[in-house]
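Trainee: The structure follows.
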Amino acid sequence: MPEFNFEITVGRPKLQDYKVLSAGMLRYHRELGHPRTSETINIFLKDSKHQVHGGIIGTVLWNGLEINSLWVAESLRGQNYGRQLVEALEKEGEKRGCTLIYTNTFTWQAPGFYEKLGFKSYGQLDNFPPGNSLIYYSKNLEV
């Protein structure tokens, strides 16, 4: 029987190691009848000089769309740019057959923002970070 050991790295993994891990997971999903394809959608709010003042990054996975990152420059907050970014991402997801969108946010970040946009909480991780919570949200999309 071969001898195994654990190699711990911090930061980006070796490209070859990542490829082996990724290929194994994709093969496993395929064998279970859930072939996995994903696509990243990036939408940026830029001025006439092409400077970024906000943006949203989402990942399409099967029929779901995850909001990975959303940020708007502090000077532009409260002017509906965040809403417009989320709505633009939702439209892109709908074009790709997504029936739901989901994300998470900390209690000190944007729970009220997502709730105003129709997102519903489906879970919460309390005392993370200490004294706060991480809230999970989802919303059905129209296809």
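Letters A, B, ... go to the chains of the structure tokens in the order shown; residues in each chain start at 1; ligands are counted from 1 in the same order.
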Just want the 9 Å neighbourhood of region 94-98 of chain A, counted on only C-alpha atoms, with same-chain residues fewer than 6 positions away dropped. Output as a PDB file with C-alpha atoms, in the first residue's frame.

Mentor:
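Listed below is the output, out-v1.pdb:
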ATOM      1  CA  VAL A  60     -23.403  30.882 -12.896  1.00  0.00           C
ATOM      2  CA  LEU A  61     -23.528  27.275 -11.737  1.00  0.00           C
ATOM      3  CA  TRP A  62     -26.265  25.047 -13.140  1.00  0.00           C
ATOM      4  CA  ASN A  63     -29.482  27.064 -12.664  1.00  0.00           C
ATOM      5  CA  GLY A  64     -28.076  29.279  -9.915  1.00  0.00           C
ATOM      6  CA  LEU A  65     -26.268  32.596  -9.912  1.00  0.00           C
ATOM      7  CA  ASN A 140     -36.121  33.410  -7.390  1.00  0.00           C
ATOM      8  CA  LEU A 141     -35.577  34.757 -10.903  1.00  0.00           C
ATOM      9  CA  GLU A 142     -37.997  34.885 -13.816  1.00  0.00           C
ATOM     10  CA  VAL A 143     -36.912  32.886 -16.830  1.00  0.00           C
TER      11      VAL A 143
END

Trainee: DSSP on the backbone: which residues in region 20-113 of chain A end up as helix (DSSP H, G or I)? Give the answer as a PyMOL selection string.

Mentor: chain A and resi 20-31+74-76+81-95+111-113

Trainee: I want to know what sits within 8 Å of region 31-42 of chain A, based on only C-alpha atoms, with residues of the same chain fewer than 4 positions away left out; could you give that as a CSV table (one decimal) with N, CA and C atoms, in the first residue's frame?

Mentor:
chain,number,residue,atom,x,y,z
A,26,LEU,N,-15.0,17.6,-11.1
A,26,LEU,CA,-15.8,17.6,-12.3
A,26,LEU,C,-16.2,16.3,-12.8
A,27,ARG,N,-15.3,15.3,-12.8
A,27,ARG,CA,-15.6,13.9,-13.2
A,27,ARG,C,-16.6,13.3,-12.2
A,55,GLY,N,-18.9,47.7,-8.9
A,55,GLY,CA,-19.0,46.5,-9.7
A,55,GLY,C,-19.6,45.3,-9.0
A,56,ILE,N,-19.9,44.3,-9.8
A,56,ILE,CA,-20.5,43.1,-9.2
A,56,ILE,C,-19.9,41.9,-10.0
A,57,ILE,N,-19.6,40.9,-9.3
A,57,ILE,CA,-19.1,39.6,-9.9
A,57,ILE,C,-20.0,38.5,-9.5
A,58,GLY,N,-20.4,37.7,-10.5
A,58,GLY,CA,-21.3,36.6,-10.2
A,58,GLY,C,-20.8,35.4,-10.9
A,59,THR,N,-21.2,34.2,-10.4
A,59,THR,CA,-20.8,32.9,-11.0
A,59,THR,C,-22.1,32.1,-11.2
A,60,VAL,N,-22.3,31.7,-12.5
A,60,VAL,CA,-23.4,30.9,-12.9
A,60,VAL,C,-23.0,29.4,-12.7
A,61,LEU,N,-23.8,28.7,-12.0
A,61,LEU,CA,-23.5,27.3,-11.7
A,61,LEU,C,-24.9,26.6,-11.8
A,62,TRP,N,-25.0,25.7,-12.8
A,62,TRP,CA,-26.3,25.0,-13.1
A,62,TRP,C,-27.3,26.1,-13.3
A,89,LEU,N,-27.0,42.0,-13.2
A,89,LEU,CA,-26.6,40.7,-13.0
A,89,LEU,C,-27.7,39.7,-13.1
A,92,GLU,N,-28.6,39.1,-16.7
A,92,GLU,CA,-27.6,38.2,-17.3
A,92,GLU,C,-27.8,36.8,-16.9

Trainee: Quick check, in Å to one decimal: how far apart do CA of Arg83 (chain A) and CA of Asp126 (chain A) lie?

Mentor: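 We find that CA of Arg83 (chain A) and CA of Asp126 (chain A) lie 26.6 Å from each other.
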
Trainee: Compare A:Ile67, A:Gln109, A:His29, A:Lys19 by their minimum atom-to-atom distance to Ala88 (chain A), counting only C-alpha atoms, and give me the closest one.

Mentor: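 Of all the options, A:Ile67 lies closest to Ala88 (chain A).
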
Trainee: Any idea what the distance is between CA of Tyr136 (chain A) and CA of Lys120 (chain A)?

Mentor: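 Spanning CA of Tyr136 (chain A) to CA of Lys120 (chain A) is a straight-line distance of 8.3 Å.
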
Trainee: From a DSSP calculation on the backbone, collect every residue of chain A in strand (DSSP E) and output the set as a ChimeraX atom specification.

Mentor: /A:38-46,52-61,64-72,100-106,120-126,133-140

Trainee: Name the closest residue to Thr103 (chain A) among the candidates A:Ala73, A:Ile135, A:Val10, A:Leu85; distances are taken between atoms, counting only C-alpha atoms.

Mentor: A:Ile135

Trainee: One number please: CA of Ser138 (chain A) to CA of Leu76 (chain A), in Å, one decimal.

Mentor: 25.2 Å

Trainee: Which residues come within 8 Å of Asn132 (chain A), counting only C-alpha atoms, excluding same-chain residues fewer than 6 positions away, as an MDAnalysis selection string?

Mentor: chainID A and resid 106:108 126

Trainee: Take the residues just selected and output them with N, CA and C atoms as an mmCIF file, in the first residue's frame.

Mentor:
data_model
loop_
_atom_site.group_PDB
_atom_site.id
_atom_site.type_symbol
_atom_site.label_atom_id
_atom_site.label_comp_id
_atom_site.auth_asym_id
_atom_site.auth_seq_id
_atom_site.Cartn_x
_atom_site.Cartn_y
_atom_site.Cartn_z
ATOM 1 N N PHE A 106 -22.563 39.970 5.774
ATOM 2 C CA PHE A 106 -22.466 40.083 7.231
ATOM 3 C C PHE A 106 -23.479 41.100 7.743
ATOM 4 N N THR A 107 -23.844 40.975 9.015
ATOM 5 C CA THR A 107 -24.818 41.891 9.610
ATOM 6 C C THR A 107 -24.347 43.337 9.527
ATOM 7 N N TRP A 108 -23.051 43.580 9.492
ATOM 8 C CA TRP A 108 -22.529 44.938 9.417
ATOM 9 C C TRP A 108 -22.337 45.414 7.980
ATOM 10 N N ASP A 126 -24.208 32.452 13.227
ATOM 11 C CA ASP A 126 -24.083 33.419 14.315
ATOM 12 C C ASP A 126 -22.675 33.471 14.890
#
